Amino acid sequence: MEYIADRITIDPDLCNGKPTIRGIRITVQTVLGYLSAADSKEDILEAYPSLEPEDIDACLKFAAKLMEKHYDICQTA
């Protein structure tokens with residue numbers, strides 16, 4: 001299991017290798033989905049009591065780090 005920023009884990013045997021929070025079965029994608037639907041941190045923490053506020057912050061930082069990658073955009077006619 002690989003730990004990223006002490007909160008985000010990637011384990012090929014857990015949730016099909018998707019990044020999860022502290023090795024529990026809650027994916028970063030799930031948290032980001034809630035945030036993109038305008039749910040508050042409090043809403044997410046209520047839905048997932050095993051999460052901590054720092055977990056949500058770690059998800060946002062993880063997503064921001066992914067966006068630092070350079071993407072070549074190819075257009076085809």
# chains A, B, ... in the order shown; residues from 1 in each chain; ligands from 1

call {"tool": "select_by_dssp", "arguments": {"residues": "chain A", "states": "strand (DSSP E)", "output": "VMD selection string"}}
result
chain A and resid 2 to 4 8 to 10 20 to 21

call {"tool": "select_by_dssp", "arguments": {"residues": "chain A", "states": "alpha helix (DSSP H)", "output": "ChimeraX atom specification"}}
result
/A:28-36,41-47,53-66

call {"tool": "residues_around", "arguments": {"residues": "stretch 23-40 of chain A", "least_positions_apart": "4", "cutoff": "7 Å", "atoms": "only C-alpha atoms", "output": "PDB file with N, CA, C and O atoms, in the first residue's frame"}}
result
ATOM      1  N   THR A   9      -4.274   6.672   0.206  1.00  0.00           N
ATOM      2  CA  THR A   9      -3.586   5.405  -0.015  1.00  0.00           C
ATOM      3  C   THR A   9      -3.997   4.806  -1.356  1.00  0.00           C
ATOM      4  O   THR A   9      -5.120   4.998  -1.815  1.00  0.00           O
ATOM      5  N   CYS A  15     -10.582  -1.379  -3.567  1.00  0.00           N
ATOM      6  CA  CYS A  15     -11.374  -0.514  -4.458  1.00  0.00           C
ATOM      7  C   CYS A  15     -10.774  -0.436  -5.864  1.00  0.00           C
ATOM      8  O   CYS A  15     -10.696   0.645  -6.458  1.00  0.00           O
ATOM      9  N   LYS A  18      -8.154   2.254  -6.856  1.00  0.00           N
ATOM     10  CA  LYS A  18      -8.447   3.686  -6.819  1.00  0.00           C
ATOM     11  C   LYS A  18      -7.890   4.278  -5.519  1.00  0.00           C
ATOM     12  O   LYS A  18      -7.858   3.611  -4.492  1.00  0.00           O
ATOM     13  N   PRO A  19      -7.480   5.528  -5.555  1.00  0.00           N
ATOM     14  CA  PRO A  19      -7.006   6.178  -4.333  1.00  0.00           C
ATOM     15  C   PRO A  19      -8.119   6.223  -3.285  1.00  0.00           C
ATOM     16  O   PRO A  19      -9.255   6.607  -3.586  1.00  0.00           O
ATOM     17  N   ILE A  44     -20.489  15.740   4.167  1.00  0.00           N
ATOM     18  CA  ILE A  44     -19.676  14.567   3.880  1.00  0.00           C
ATOM     19  C   ILE A  44     -19.325  13.837   5.174  1.00  0.00           C
ATOM     20  O   ILE A  44     -19.422  12.604   5.246  1.00  0.00           O
ATOM     21  N   ILE A  56     -10.782  15.297   3.902  1.00  0.00           N
ATOM     22  CA  ILE A  56     -11.394  16.034   2.800  1.00  0.00           C
ATOM     23  C   ILE A  56     -10.381  17.007   2.202  1.00  0.00           C
ATOM     24  O   ILE A  56     -10.242  17.118   0.980  1.00  0.00           O
ATOM     25  N   CYS A  59      -8.004  15.140   0.017  1.00  0.00           N
ATOM     26  CA  CYS A  59      -8.590  14.807  -1.296  1.00  0.00           C
ATOM     27  C   CYS A  59      -8.439  15.975  -2.265  1.00  0.00           C
ATOM     28  O   CYS A  59      -8.085  15.782  -3.435  1.00  0.00           O
TER      29      CYS A  59
END

call {"tool": "residues_around", "arguments": {"residues": "A:Asp6", "least_positions_apart": "6", "cutoff": "10 Å", "atoms": "only C-alpha atoms", "output": "compact mmCIF listing (two decimals) with N, CA, C and O atoms, in the first residue's frame"}}
result
# COMPACT_ATOMS: atom_id res chain seq x y z
N ILE A 21 -9.00 6.84 1.16
CA ILE A 21 -8.62 7.63 2.32
C ILE A 21 -8.21 6.69 3.45
O ILE A 21 -9.01 5.86 3.89
N ARG A 22 -6.96 6.79 3.85
CA ARG A 22 -6.39 6.03 4.96
C ARG A 22 -6.67 4.53 4.87
O ARG A 22 -6.80 3.85 5.87
N ASP A 55 -9.14 14.66 6.04
CA ASP A 55 -9.25 13.73 4.91
C ASP A 55 -9.81 14.45 3.68
O ASP A 55 -9.35 14.23 2.56
N ALA A 58 -7.19 16.62 2.24
CA ALA A 58 -6.20 15.79 1.53
C ALA A 58 -6.71 15.41 0.14
O ALA A 58 -5.93 15.35 -0.82
